[in-house]
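K.L.:
Structure file query37.cif (mmCIF, C-alpha atoms and all ligand atoms) is given on the next line.
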```cif
data_entry
loop_
_atom_site.group_PDB
_atom_site.id
_atom_site.type_symbol
_atom_site.label_atom_id
_atom_site.label_comp_id
_atom_site.auth_asym_id
_atom_site.auth_seq_id
_atom_site.Cartn_x
_atom_site.Cartn_y
_atom_site.Cartn_z
ATOM 1 C CA MET A 175 -20.327 -6.791 -27.176
ATOM 2 C CA LYS A 176 -16.535 -6.872 -27.089
ATOM 3 C CA ALA A 177 -14.990 -8.818 -24.214
ATOM 4 C CA LEU A 178 -11.587 -10.122 -23.178
ATOM 5 C CA TYR A 179 -12.318 -13.826 -22.915
ATOM 6 C CA LEU A 180 -10.088 -16.451 -21.301
ATOM 7 C CA THR A 181 -10.024 -20.081 -22.445
ATOM 8 C CA ASP A 182 -6.520 -21.563 -22.541
ATOM 9 C CA HIS A 183 -5.464 -18.120 -23.784
ATOM 10 C CA ILE A 184 -6.988 -14.641 -23.707
ATOM 11 C CA GLU A 185 -8.686 -13.162 -26.723
ATOM 12 C CA LEU A 186 -10.577 -9.952 -27.415
ATOM 13 C CA THR A 187 -13.724 -11.295 -29.025
ATOM 14 C CA GLU A 188 -17.433 -10.625 -29.644
ATOM 15 C CA ILE A 189 -19.783 -12.334 -27.172
ATOM 16 C CA LYS A 190 -23.492 -12.063 -26.469
ATOM 17 C CA GLN A 191 -24.259 -9.000 -24.367
ATOM 18 C CA ALA A 192 -25.054 -9.789 -20.758
ATOM 19 C CA VAL A 193 -28.746 -9.474 -19.816
ATOM 20 C CA PRO A 194 -29.527 -8.302 -16.265
ATOM 21 C CA ALA A 195 -31.756 -10.533 -14.155
ATOM 22 C CA GLU A 196 -34.279 -9.064 -11.719
ATOM 23 C CA ASN A 197 -32.473 -7.069 -9.015
ATOM 24 C CA GLU A 198 -29.447 -6.763 -11.264
ATOM 25 C CA ALA A 199 -28.050 -3.810 -13.178
ATOM 26 C CA LEU A 200 -26.562 -3.614 -16.644
ATOM 27 C CA VAL A 201 -23.418 -1.533 -16.313
ATOM 28 C CA GLN A 202 -21.507 0.006 -19.204
ATOM 29 C CA VAL A 203 -17.872 -0.397 -18.195
ATOM 30 C CA ARG A 204 -15.782 2.792 -18.444
ATOM 31 C CA MET A 205 -12.418 1.625 -17.082
ATOM 32 C CA ALA A 206 -11.047 -1.552 -15.545
ATOM 33 C CA GLY A 207 -7.728 -2.287 -13.878
ATOM 34 C CA ILE A 208 -5.556 -5.344 -14.497
ATOM 35 C CA CYS A 209 -4.717 -6.996 -11.182
ATOM 36 C CA ASN A 210 -2.094 -9.567 -10.262
ATOM 37 C CA THR A 211 -4.961 -11.993 -9.673
ATOM 38 C CA ASP A 212 -5.896 -11.637 -13.375
ATOM 39 C CA LEU A 213 -2.335 -12.532 -14.371
ATOM 40 C CA GLU A 214 -2.434 -15.570 -12.060
ATOM 41 C CA ILE A 215 -5.846 -16.637 -13.433
ATOM 42 C CA VAL A 216 -4.349 -16.622 -16.939
ATOM 43 C CA LYS A 217 -1.665 -18.986 -15.565
ATOM 44 C CA GLY A 218 -4.375 -21.323 -14.217
ATOM 45 C CA TYR A 219 -5.247 -19.964 -10.753
ATOM 46 C CA MET A 220 -8.939 -20.781 -9.925
ATOM 47 C CA GLY A 221 -9.323 -22.743 -13.195
ATOM 48 C CA PHE A 222 -11.500 -19.913 -14.555
ATOM 49 C CA THR A 223 -12.743 -19.551 -18.120
ATOM 50 C CA GLY A 224 -14.840 -16.594 -19.230
ATOM 51 C CA VAL A 225 -14.547 -12.809 -19.183
ATOM 52 C CA LEU A 226 -11.804 -11.624 -16.822
ATOM 53 C CA GLY A 227 -11.805 -8.409 -14.781
ATOM 54 C CA HIS A 228 -12.993 -7.442 -11.303
ATOM 55 C CA GLU A 229 -11.639 -3.913 -10.708
ATOM 56 C CA PHE A 230 -13.850 -1.502 -12.632
ATOM 57 C CA VAL A 231 -15.881 1.654 -12.781
ATOM 58 C CA GLY A 232 -18.886 1.995 -15.065
ATOM 59 C CA ARG A 233 -22.249 3.649 -15.561
ATOM 60 C CA VAL A 234 -25.572 1.919 -14.904
ATOM 61 C CA VAL A 235 -27.611 1.811 -18.114
ATOM 62 C CA GLU A 236 -30.444 -0.461 -17.034
ATOM 63 C CA ALA A 237 -31.914 -1.548 -13.691
ATOM 64 C CA SER A 238 -35.300 -2.490 -12.286
ATOM 65 C CA ASP A 239 -34.786 0.153 -9.555
ATOM 66 C CA SER A 240 -35.121 3.514 -11.347
ATOM 67 C CA SER A 241 -32.763 5.268 -8.916
ATOM 68 C CA TRP A 242 -29.699 3.567 -10.471
ATOM 69 C CA PRO A 243 -29.622 4.264 -14.231
ATOM 70 C CA GLY A 244 -27.167 7.062 -15.077
ATOM 71 C CA LYS A 245 -25.128 6.607 -11.908
ATOM 72 C CA ARG A 246 -21.396 5.976 -12.038
ATOM 73 C CA VAL A 247 -20.620 2.900 -9.944
ATOM 74 C CA CYS A 248 -18.064 0.450 -8.644
ATOM 75 C CA GLY A 249 -19.213 -3.032 -7.689
ATOM 76 C CA GLU A 250 -18.446 -5.579 -4.999
ATOM 77 C CA ILE A 251 -17.208 -8.716 -6.690
ATOM 78 C CA ASN A 252 -18.740 -11.517 -4.577
ATOM 79 C CA PHE A 253 -22.300 -12.481 -5.536
ATOM 80 C CA GLY A 254 -23.847 -14.425 -2.627
ATOM 81 C CA CYS A 255 -26.939 -16.633 -2.858
ATOM 82 C CA GLY A 256 -28.794 -14.336 -0.436
ATOM 83 C CA ASN A 257 -30.334 -17.255 1.470
ATOM 84 C CA CYS A 258 -27.599 -19.013 3.414
ATOM 85 C CA GLU A 259 -26.289 -18.441 6.929
ATOM 86 C CA TYR A 260 -23.272 -16.439 5.650
ATOM 87 C CA CYS A 261 -25.363 -14.192 3.413
ATOM 88 C CA GLY A 262 -27.769 -13.693 6.338
ATOM 89 C CA ARG A 263 -24.862 -12.433 8.465
ATOM 90 C CA GLY A 264 -23.725 -9.996 5.755
ATOM 91 C CA LEU A 265 -20.826 -12.284 4.802
ATOM 92 C CA SER A 266 -21.834 -12.959 1.202
ATOM 93 C CA ARG A 267 -18.149 -12.933 0.283
ATOM 94 C CA HIS A 268 -17.953 -16.260 2.135
ATOM 95 C CA CYS A 269 -21.223 -17.684 0.756
ATOM 96 C CA PRO A 270 -20.472 -21.295 -0.280
ATOM 97 C CA GLN A 271 -22.632 -20.846 -3.396
ATOM 98 C CA ARG A 272 -21.122 -17.491 -4.372
ATOM 99 C CA THR A 273 -19.863 -16.540 -7.784
ATOM 100 C CA VAL A 274 -17.071 -13.978 -8.064
ATOM 101 C CA LEU A 275 -16.832 -11.390 -10.817
ATOM 102 C CA GLY A 276 -14.195 -12.407 -13.353
ATOM 103 C CA ILE A 277 -12.785 -15.038 -10.958
ATOM 104 C CA LEU A 278 -15.366 -17.772 -10.235
ATOM 105 C CA ASN A 279 -18.306 -18.741 -12.502
ATOM 106 C CA GLN A 280 -19.153 -15.118 -13.324
ATOM 107 C CA ASN A 281 -18.186 -13.081 -16.372
ATOM 108 C CA GLY A 282 -16.149 -10.052 -15.373
ATOM 109 C CA ALA A 283 -15.613 -6.440 -16.342
ATOM 110 C CA PHE A 284 -13.074 -6.637 -19.184
ATOM 111 C CA ALA A 285 -16.031 -6.108 -21.493
ATOM 112 C CA GLU A 286 -18.201 -3.304 -22.815
ATOM 113 C CA TYR A 287 -20.985 -4.311 -20.411
ATOM 114 C CA VAL A 288 -21.249 -6.283 -17.189
ATOM 115 C CA THR A 289 -24.195 -7.282 -14.989
ATOM 116 C CA LEU A 290 -24.149 -7.069 -11.195
ATOM 117 C CA PRO A 291 -26.697 -7.444 -8.380
ATOM 118 C CA LEU A 292 -27.982 -3.994 -7.334
ATOM 119 C CA LYS A 293 -26.941 -4.719 -3.745
ATOM 120 C CA ASN A 294 -23.310 -4.970 -4.928
ATOM 121 C CA LEU A 295 -23.253 -1.456 -6.420
ATOM 122 C CA HIS A 296 -21.662 1.610 -4.829
ATOM 123 C CA ALA A 297 -22.204 5.035 -6.382
ATOM 124 C CA VAL A 298 -18.974 6.907 -7.094
ATOM 125 C CA PRO A 299 -18.896 10.567 -5.925
ATOM 126 C CA ASP A 300 -18.287 13.066 -8.779
ATOM 127 C CA ALA A 301 -15.001 14.172 -7.210
ATOM 128 C CA ILE A 302 -13.437 10.743 -7.761
ATOM 129 C CA PRO A 303 -12.234 10.373 -11.373
ATOM 130 C CA ASP A 304 -12.538 7.039 -13.209
ATOM 131 C CA THR A 305 -8.760 6.538 -13.030
ATOM 132 C CA HIS A 306 -9.001 6.568 -9.223
ATOM 133 C CA ALA A 307 -12.322 4.704 -8.917
ATOM 134 C CA VAL A 308 -10.774 1.584 -10.504
ATOM 135 C CA PHE A 309 -8.730 1.324 -7.291
ATOM 136 C CA VAL A 310 -11.777 0.960 -5.014
ATOM 137 C CA GLU A 311 -11.735 -2.858 -5.128
ATOM 138 C CA PRO A 312 -8.023 -3.354 -4.299
ATOM 139 C CA LEU A 313 -8.171 -0.492 -1.777
ATOM 140 C CA ALA A 314 -11.066 -2.270 -0.035
ATOM 141 C CA ALA A 315 -8.891 -5.406 0.035
ATOM 142 C CA ALA A 316 -6.131 -3.379 1.714
ATOM 143 C CA LEU A 317 -8.607 -1.995 4.285
ATOM 144 C CA GLU A 318 -9.745 -5.534 5.087
ATOM 145 C CA ILE A 319 -6.506 -5.977 7.077
ATOM 146 C CA LEU A 320 -7.705 -3.329 9.561
ATOM 147 C CA GLU A 321 -10.994 -5.207 9.973
ATOM 148 C CA GLN A 322 -9.096 -8.373 10.862
ATOM 149 C CA VAL A 323 -6.183 -7.333 13.098
ATOM 150 C CA LYS A 324 -5.830 -4.480 15.569
ATOM 151 C CA ILE A 325 -2.774 -2.527 14.463
ATOM 152 C CA GLN A 326 -1.949 0.101 17.091
ATOM 153 C CA PRO A 327 0.145 3.258 16.708
ATOM 154 C CA ASP A 328 3.064 1.751 18.658
ATOM 155 C CA HIS A 329 3.208 -1.479 16.625
ATOM 156 C CA LYS A 330 6.034 -2.299 14.249
ATOM 157 C CA VAL A 331 4.658 -3.480 10.915
ATOM 158 C CA ALA A 332 6.407 -4.718 7.749
ATOM 159 C CA VAL A 333 4.783 -4.996 4.315
ATOM 160 C CA ILE A 334 6.492 -7.426 1.916
ATOM 161 C CA GLY A 335 5.885 -6.479 -1.719
ATOM 162 C CA ASP A 336 6.258 -3.179 -3.544
ATOM 163 C CA GLY A 337 3.632 -4.040 -6.150
ATOM 164 C CA LYS A 338 0.251 -2.418 -6.780
ATOM 165 C CA LEU A 339 -1.360 -4.031 -3.735
ATOM 166 C CA GLY A 340 1.666 -3.622 -1.445
ATOM 167 C CA LEU A 341 1.779 0.120 -2.125
ATOM 168 C CA LEU A 342 -1.959 0.454 -1.388
ATOM 169 C CA ILE A 343 -1.630 -1.604 1.803
ATOM 170 C CA PHE A 344 1.305 0.509 2.893
ATOM 171 C CA GLN A 345 -0.673 3.728 2.473
ATOM 172 C CA VAL A 346 -3.661 2.310 4.336
ATOM 173 C CA LEU A 347 -1.613 1.011 7.284
ATOM 174 C CA ARG A 348 0.199 4.327 7.512
ATOM 175 C CA LEU A 349 -3.132 5.865 8.572
ATOM 176 C CA THR A 350 -2.813 3.983 11.884
ATOM 177 C CA GLY A 351 0.410 5.846 12.754
ATOM 178 C CA CYS A 352 2.282 2.574 13.244
ATOM 179 C CA ASP A 353 6.046 2.181 12.669
ATOM 180 C CA LEU A 354 5.960 0.891 9.105
ATOM 181 C CA LEU A 355 8.545 -0.549 6.711
ATOM 182 C CA LEU A 356 8.091 -1.614 3.074
ATOM 183 C CA ILE A 357 10.245 -4.445 1.774
ATOM 184 C CA GLY A 358 10.533 -4.619 -2.001
ATOM 185 C CA LYS A 359 12.811 -5.550 -4.844
ATOM 186 C CA HIS A 360 12.129 -3.283 -7.811
ATOM 187 C CA SER A 361 14.282 -0.145 -7.651
ATOM 188 C CA ARG A 362 11.781 1.901 -9.697
ATOM 189 C CA LYS A 363 8.894 1.025 -7.383
ATOM 190 C CA MET A 364 11.005 1.476 -4.275
ATOM 191 C CA ALA A 365 11.920 4.958 -5.520
ATOM 192 C CA LEU A 366 8.222 5.632 -6.109
ATOM 193 C CA ALA A 367 7.408 4.383 -2.608
ATOM 194 C CA GLY A 368 10.030 6.821 -1.335
ATOM 195 C CA THR A 369 8.191 9.716 -2.997
ATOM 196 C CA LEU A 370 5.021 8.606 -1.178
ATOM 197 C CA GLY A 371 6.904 9.079 2.088
ATOM 198 C CA VAL A 372 7.407 5.364 2.552
ATOM 199 C CA LYS A 373 10.340 3.908 4.505
ATOM 200 C CA THR A 374 11.700 1.138 2.279
ATOM 201 C CA ILE A 375 14.351 -1.547 2.396
ATOM 202 C CA PRO A 376 15.403 -3.939 -0.385
ATOM 203 C CA LEU A 377 14.601 -7.627 0.046
ATOM 204 C CA GLN A 378 18.292 -8.605 0.028
ATOM 205 C CA ASN A 379 18.967 -6.372 3.094
ATOM 206 C CA LEU A 380 16.361 -7.775 5.489
ATOM 207 C CA PRO A 381 16.559 -6.090 8.893
ATOM 208 C CA GLU A 382 17.501 -7.995 12.061
ATOM 209 C CA GLU A 383 14.583 -6.432 13.934
ATOM 210 C CA LYS A 384 11.288 -8.283 14.397
ATOM 211 C CA PHE A 385 7.791 -7.012 13.661
ATOM 212 C CA ASP A 386 4.451 -7.336 15.456
ATOM 213 C CA PHE A 387 2.667 -7.713 12.109
ATOM 214 C CA VAL A 388 4.022 -8.746 8.721
ATOM 215 C CA VAL A 389 1.798 -8.366 5.654
ATOM 216 C CA GLU A 390 2.784 -10.712 2.830
ATOM 217 C CA ALA A 391 1.770 -9.046 -0.456
ATOM 218 C CA SER A 392 4.650 -10.101 -2.700
ATOM 219 C CA GLY A 393 2.379 -12.147 -4.974
ATOM 220 C CA ALA A 394 4.668 -15.177 -4.729
ATOM 221 C CA ALA A 395 5.100 -18.203 -2.458
ATOM 222 C CA ALA A 396 8.628 -17.127 -1.458
ATOM 223 C CA GLY A 397 7.166 -14.161 0.437
ATOM 224 C CA PHE A 398 5.983 -16.448 3.224
ATOM 225 C CA GLU A 399 9.500 -17.479 4.188
ATOM 226 C CA THR A 400 10.501 -13.812 4.313
ATOM 227 C CA ALA A 401 7.487 -13.100 6.525
ATOM 228 C CA MET A 402 8.522 -15.885 8.930
ATOM 229 C CA LYS A 403 12.002 -14.347 9.231
ATOM 230 C CA LEU A 404 10.508 -10.975 10.150
ATOM 231 C CA VAL A 405 7.650 -11.795 12.496
ATOM 232 C CA ARG A 406 8.252 -11.728 16.248
ATOM 233 C CA PRO A 407 7.162 -14.585 18.531
ATOM 234 C CA ARG A 408 3.391 -14.234 19.096
ATOM 235 C CA GLY A 409 3.205 -11.845 16.160
ATOM 236 C CA ALA A 410 0.921 -12.255 13.150
ATOM 237 C CA ILE A 411 1.410 -12.735 9.427
ATOM 238 C CA ILE A 412 -1.346 -11.460 7.162
ATOM 239 C CA LEU A 413 -1.438 -13.266 3.816
ATOM 240 C CA LYS A 414 -2.655 -11.113 0.908
ATOM 241 C CA SER A 415 -1.042 -12.844 -2.088
ATOM 242 C CA THR A 416 -3.155 -14.967 -4.408
ATOM 243 C CA TYR A 417 -1.075 -17.088 -6.744
ATOM 244 C CA HIS A 418 -1.285 -20.211 -8.844
ATOM 245 C CA GLY A 419 0.670 -22.997 -7.154
ATOM 246 C CA ASN A 420 1.312 -24.201 -3.606
ATOM 247 C CA LEU A 421 3.312 -23.037 -0.653
ATOM 248 C CA GLU A 422 5.715 -25.513 0.944
ATOM 249 C CA LEU A 423 5.144 -24.902 4.618
ATOM 250 C CA HIS A 424 7.600 -25.665 7.415
ATOM 251 C CA ALA A 425 5.120 -25.556 10.281
ATOM 252 C CA ALA A 426 7.374 -26.046 13.331
ATOM 253 C CA PRO A 427 8.519 -22.382 13.656
ATOM 254 C CA ILE A 428 4.875 -21.274 13.508
ATOM 255 C CA VAL A 429 4.099 -23.568 16.442
ATOM 256 C CA ILE A 430 7.242 -22.750 18.432
ATOM 257 C CA ASP A 431 6.895 -18.978 18.030
ATOM 258 C CA GLU A 432 3.097 -19.116 18.349
ATOM 259 C CA VAL A 433 2.640 -17.110 15.152
ATOM 260 C CA THR A 434 -0.883 -16.228 14.052
ATOM 261 C CA ILE A 435 -1.548 -16.635 10.320
ATOM 262 C CA VAL A 436 -4.401 -14.541 8.943
ATOM 263 C CA GLY A 437 -5.753 -15.046 5.425
ATOM 264 C CA SER A 438 -7.143 -11.812 3.992
ATOM 265 C CA ARG A 439 -9.126 -11.184 0.812
ATOM 266 C CA CYS A 440 -11.929 -8.747 -0.097
ATOM 267 C CA GLY A 441 -12.825 -5.748 2.029
ATOM 268 C CA PRO A 442 -15.245 -2.862 2.700
ATOM 269 C CA PHE A 443 -16.130 -0.857 -0.430
ATOM 270 C CA ALA A 444 -17.866 2.039 1.313
ATOM 271 C CA ALA A 445 -14.756 2.689 3.407
ATOM 272 C CA ALA A 446 -12.520 2.475 0.322
ATOM 273 C CA MET A 447 -14.729 5.055 -1.399
ATOM 274 C CA ARG A 448 -14.406 7.382 1.636
ATOM 275 C CA VAL A 449 -10.631 6.960 1.767
ATOM 276 C CA LEU A 450 -10.384 7.920 -1.925
ATOM 277 C CA HIS A 451 -12.860 10.766 -1.590
ATOM 278 C CA GLN A 452 -10.932 12.244 1.343
ATOM 279 C CA LYS A 453 -7.631 11.701 -0.518
ATOM 280 C CA LEU A 454 -6.184 9.733 2.404
ATOM 281 C CA VAL A 455 -4.235 7.603 -0.071
ATOM 282 C CA ASN A 456 -2.609 8.637 -3.340
ATOM 283 C CA VAL A 457 -3.334 6.230 -6.196
ATOM 284 C CA GLU A 458 -2.205 8.527 -9.018
ATOM 285 C CA PRO A 459 1.487 7.410 -8.928
ATOM 286 C CA LEU A 460 0.374 3.747 -9.068
ATOM 287 C CA ILE A 461 -0.983 4.123 -12.628
ATOM 288 C CA ASP A 462 1.537 2.935 -15.209
ATOM 289 C CA GLN A 463 -0.463 3.223 -18.417
ATOM 290 C CA ILE A 464 -4.016 3.430 -19.779
ATOM 291 C CA TYR A 465 -4.759 1.349 -22.901
ATOM 292 C CA PRO A 466 -7.802 1.562 -25.182
ATOM 293 C CA PHE A 467 -9.809 -1.675 -24.907
ATOM 294 C CA ASP A 468 -8.864 -2.642 -28.488
ATOM 295 C CA LYS A 469 -5.274 -2.959 -27.254
ATOM 296 C CA ALA A 470 -6.216 -5.247 -24.347
ATOM 297 C CA ARG A 471 -3.782 -7.992 -25.388
ATOM 298 C CA GLU A 472 -0.871 -5.514 -25.472
ATOM 299 C CA ALA A 473 -2.052 -4.160 -22.115
ATOM 300 C CA PHE A 474 -1.871 -7.666 -20.644
ATOM 301 C CA GLU A 475 1.603 -8.207 -22.045
ATOM 302 C CA HIS A 476 2.673 -4.913 -20.457
ATOM 303 C CA ALA A 477 1.078 -5.870 -17.120
ATOM 304 C CA GLN A 478 3.011 -9.160 -17.143
ATOM 305 C CA GLN A 479 6.387 -7.376 -17.264
ATOM 306 C CA PRO A 480 8.008 -7.569 -13.805
ATOM 307 C CA GLY A 481 7.936 -4.262 -11.979
ATOM 308 C CA THR A 482 4.835 -2.930 -13.757
ATOM 309 C CA LEU A 483 2.270 -1.060 -11.689
ATOM 310 C CA LYS A 484 -1.427 -0.580 -12.549
ATOM 311 C CA ILE A 485 -2.412 -1.031 -16.177
ATOM 312 C CA ILE A 486 -5.896 0.284 -16.911
ATOM 313 C CA LEU A 487 -8.179 -0.622 -19.818
ATOM 314 C CA GLN A 488 -10.473 2.095 -21.127
ATOM 315 C CA MET A 489 -13.712 0.768 -22.632
ATOM 316 C CA ASN A 490 -15.847 3.902 -23.004
HETATM 317 ZN ZN ZN B 1 -7.731 -7.704 -7.915
HETATM 318 ZN ZN ZN B 2 -25.226 -17.411 0.482
#
```
How does the structure come out when it is put into structure tokens?

P.N.:
Amino acid sequence: MKALYLTDHIELTEIKQAVPAENEALVQVRMAGICNTDLEIVKGYMGFTGVLGHEFVGRVVEASDSSWPGKRVCGEINFGCGNCEYCGRGLSRHCPQRTVLGILNQNGAFAEYVTLPLKNLHAVPDAIPDTHAVFVEPLAAALEILEQVKIQPDHKVAVIGDGKLGLLIFQVLRLTGCDLLLIGKHSRKMALAGTLGVKTIPLQNLPEEKFDFVVEASGAAAGFETAMKLVRPRGAIILKSTYHGNLELHAAPIVIDEVTIVGSRCGPFAAAMRVLHQKLVNVEPLIDQIYPFDKAREAFEHAQQPGTLKIILQMN
């Protein structure tokens, strides 16, 4: 099968087709989205080699459970061992032995076929097109914030980052009714955010006001300093960016202002599917371009251009 394989560079190449183990499904990938995490992995984040890709929609072609074949699915990306304390508590995304699709010791979805445990699959309702279903994984990651912190309607919340994830997070947090501001730097994306009904401000004009919650989704280490400028004493910063490299941390202001720092990663798929199905967020304007899989290298080059939104690969 064809796959986009990462060694010290990425290459569209022929590899042996994945074979599903017991309790796994073979999924024919239909579309997959390129995420900022993929771009960081190519730069060395996670030290991953193999097939990239963790945001996908596909159709089950083979599974030991006969109720799955033929179904269109998205898949949760963390594969837990199933036996440890974390897996037992339903926290397989924190299983110490986990593999992660296209990120950690597990070939991903930038391929014609991918295998996943059946328990990771979520059927996609017919009303959700493939171009929207590829957003289930990052939308779940945005929803994770609401599982971790209690954002109330009278809270003031800032989101730093007008990228793909920032614009999803913004739309999710808006559902709480809170007083919300998006801080970005790309005029095209800020204009787009404006059309989504988003209150925006450019990074160079940071407001004097302070926020109860600041979500850092800029995708870069510099976003943390911005978050510290914006958060009120006893407020919380939610870190969503995954990047290659380290953050230089000046800890004293965190201590003095008693700021809570919350790391935030993968989230609830079933909820993300409901949010899409009920059209509570609009992902359509976040799609920049769809490339045929044969043009995967060009698609990656496009995705790496600053200011680009979602680039989707179409396999089938
Ligand atoms: Zn991602
Ligand atoms: Zn486990």

K.L.:
Between CA of Val234 (chain A) and CA of Met175 (chain A), what is the distance in Å, rounded to a tenth?

P.N.:
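Separation of CA of Val234 (chain A) and CA of Met175 (chain A): 15.9 Å.
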
K.L.:
Quick check on the file I pasted: which residues fall under the PyMOL selection byres (((chain A and resi 431) around 9) and not hetatm)? Write them as a ChimeraX atom specification.

P.N.:
/A:406-409,426-430,432-433

K.L.:
Given the file shown, determine the residues that the PyMOL selection byres (((chain A and resi 279) around 10) and not hetatm) selects; report them as JSON, numbers by chain.

P.N.:
{"A": [220, 221, 222, 223, 224, 225, 272, 273, 274, 275, 276, 277, 278, 280, 281, 282]}

K.L.:
Could you take the residues named above and write them with C-alpha atoms, as a PDB file, keeping the file's coordinate frame?

P.N.:
```pdb
ATOM      1  CA  MET A 220      -8.939 -20.781  -9.925  1.00  0.00           C
ATOM      2  CA  GLY A 221      -9.323 -22.743 -13.195  1.00  0.00           C
ATOM      3  CA  PHE A 222     -11.500 -19.913 -14.555  1.00  0.00           C
ATOM      4  CA  THR A 223     -12.743 -19.551 -18.120  1.00  0.00           C
ATOM      5  CA  GLY A 224     -14.840 -16.594 -19.230  1.00  0.00           C
ATOM      6  CA  VAL A 225     -14.547 -12.809 -19.183  1.00  0.00           C
ATOM      7  CA  ARG A 272     -21.122 -17.491  -4.372  1.00  0.00           C
ATOM      8  CA  THR A 273     -19.863 -16.540  -7.784  1.00  0.00           C
ATOM      9  CA  VAL A 274     -17.071 -13.978  -8.064  1.00  0.00           C
ATOM     10  CA  LEU A 275     -16.832 -11.390 -10.817  1.00  0.00           C
ATOM     11  CA  GLY A 276     -14.195 -12.407 -13.353  1.00  0.00           C
ATOM     12  CA  ILE A 277     -12.785 -15.038 -10.958  1.00  0.00           C
ATOM     13  CA  LEU A 278     -15.366 -17.772 -10.235  1.00  0.00           C
ATOM     14  CA  GLN A 280     -19.153 -15.118 -13.324  1.00  0.00           C
ATOM     15  CA  ASN A 281     -18.186 -13.081 -16.372  1.00  0.00           C
ATOM     16  CA  GLY A 282     -16.149 -10.052 -15.373  1.00  0.00           C
TER      17      GLY A 282
END
```

K.L.:
For ligand ZN 1 (chain B), return the neighbouring residues as a ChimeraX atom specification (distance at most 6 Å; all atoms listed in the file).

P.N.:
/A:209,211,312

K.L.:
What would the selection look like, as a PyMOL selection string, if the PyMOL selection byres (((not hetatm)) within 6 of (chain B and resi 2)) were run on the coordinates I just shared?

P.N.:
chain A and resi 254-258+260-261+266+269+271

K.L.:
Between CA of Lys359 (chain A) and CA of Leu226 (chain A), what is the distance, to one decimal in Å?

P.N.:
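Separation between CA of Lys359 (chain A) and CA of Leu226 (chain A): 28.0 Å.
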
K.L.:
Which residues, written as a list in words, have at least one atom at most 6 Å from region 236-251 of chain A, with all atoms listed in the file counted and residues fewer than 2 positions away on the same chain left out?

P.N.:
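Contacts, with the query itself left out: Ala199, Leu200, Val231, Gly232, Arg233, Val234, Val274, Leu275, Asn294, Leu295, His296, Ala297 and Val298 of chain A.
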
K.L.:
List every protein, DNA or RNA residue with an atom no more than 12 Å from (7.9, -18.1, 0.6) in the file's coordinates, counting all atoms listed in the file, and format the result as an mmCIF file with C-alpha atoms, in the frame of the given file.

P.N.:
```cif
data_model
loop_
_atom_site.group_PDB
_atom_site.id
_atom_site.type_symbol
_atom_site.label_atom_id
_atom_site.label_comp_id
_atom_site.auth_asym_id
_atom_site.auth_seq_id
_atom_site.Cartn_x
_atom_site.Cartn_y
_atom_site.Cartn_z
ATOM 1 C CA ILE A 334 6.492 -7.426 1.916
ATOM 2 C CA GLU A 390 2.784 -10.712 2.830
ATOM 3 C CA ALA A 391 1.770 -9.046 -0.456
ATOM 4 C CA SER A 392 4.650 -10.101 -2.700
ATOM 5 C CA GLY A 393 2.379 -12.147 -4.974
ATOM 6 C CA ALA A 394 4.668 -15.177 -4.729
ATOM 7 C CA ALA A 395 5.100 -18.203 -2.458
ATOM 8 C CA ALA A 396 8.628 -17.127 -1.458
ATOM 9 C CA GLY A 397 7.166 -14.161 0.437
ATOM 10 C CA PHE A 398 5.983 -16.448 3.224
ATOM 11 C CA GLU A 399 9.500 -17.479 4.188
ATOM 12 C CA THR A 400 10.501 -13.812 4.313
ATOM 13 C CA ALA A 401 7.487 -13.100 6.525
ATOM 14 C CA MET A 402 8.522 -15.885 8.930
ATOM 15 C CA LYS A 403 12.002 -14.347 9.231
ATOM 16 C CA LEU A 413 -1.438 -13.266 3.816
ATOM 17 C CA SER A 415 -1.042 -12.844 -2.088
ATOM 18 C CA TYR A 417 -1.075 -17.088 -6.744
ATOM 19 C CA GLY A 419 0.670 -22.997 -7.154
ATOM 20 C CA ASN A 420 1.312 -24.201 -3.606
ATOM 21 C CA LEU A 421 3.312 -23.037 -0.653
ATOM 22 C CA GLU A 422 5.715 -25.513 0.944
ATOM 23 C CA LEU A 423 5.144 -24.902 4.618
ATOM 24 C CA HIS A 424 7.600 -25.665 7.415
#
```

K.L.:
Quick check, in Å to one decimal: how far apart do CA of Ile411 (chain A) and CA of Gln452 (chain A) lie?

P.N.:
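CA of Gln452 (chain A) lies at a distance of 29.0 Å from CA of Ile411 (chain A).
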
K.L.:
Need the neighbours of (4.7, -0.5, -2.0): which residues are at most 9 Å away, counting only C-alpha atoms, as a tab-separated table (two decimals) with C-alpha atoms, keeping the file's coordinate frame?

P.N.:
```tsv
chain	number	residue	atom	x	y	z
A	333	VAL	CA	4.78	-5.00	4.32
A	334	ILE	CA	6.49	-7.43	1.92
A	335	GLY	CA	5.88	-6.48	-1.72
A	336	ASP	CA	6.26	-3.18	-3.54
A	337	GLY	CA	3.63	-4.04	-6.15
A	338	LYS	CA	0.25	-2.42	-6.78
A	339	LEU	CA	-1.36	-4.03	-3.74
A	340	GLY	CA	1.67	-3.62	-1.44
A	341	LEU	CA	1.78	0.12	-2.12
A	342	LEU	CA	-1.96	0.45	-1.39
A	343	ILE	CA	-1.63	-1.60	1.80
A	344	PHE	CA	1.30	0.51	2.89
A	345	GLN	CA	-0.67	3.73	2.47
A	356	LEU	CA	8.09	-1.61	3.07
A	357	ILE	CA	10.24	-4.44	1.77
A	358	GLY	CA	10.53	-4.62	-2.00
A	363	LYS	CA	8.89	1.02	-7.38
A	364	MET	CA	11.00	1.48	-4.28
A	366	LEU	CA	8.22	5.63	-6.11
A	367	ALA	CA	7.41	4.38	-2.61
A	372	VAL	CA	7.41	5.36	2.55
A	374	THR	CA	11.70	1.14	2.28
```

K.L.:
Region 438-487 of chain A near region 313-332 of chain A within 7 Å: what's each residue's closest atom pair and its distance in Å to one decimal, counting only C-alpha atoms, ordered by chain then ascending residue number, as CSV?

P.N.:
```
residue,atom,partner,partner_atom,distance
A:Ser438,CA,A:Ile319,CA,6.6
A:Arg439,CA,A:Ala315,CA,5.8
A:Cys440,CA,A:Ala315,CA,4.5
A:Gly441,CA,A:Glu318,CA,4.3
A:Pro442,CA,A:Ala314,CA,5.0
A:Phe443,CA,A:Ala314,CA,5.3
A:Ala446,CA,A:Ala314,CA,5.0
```
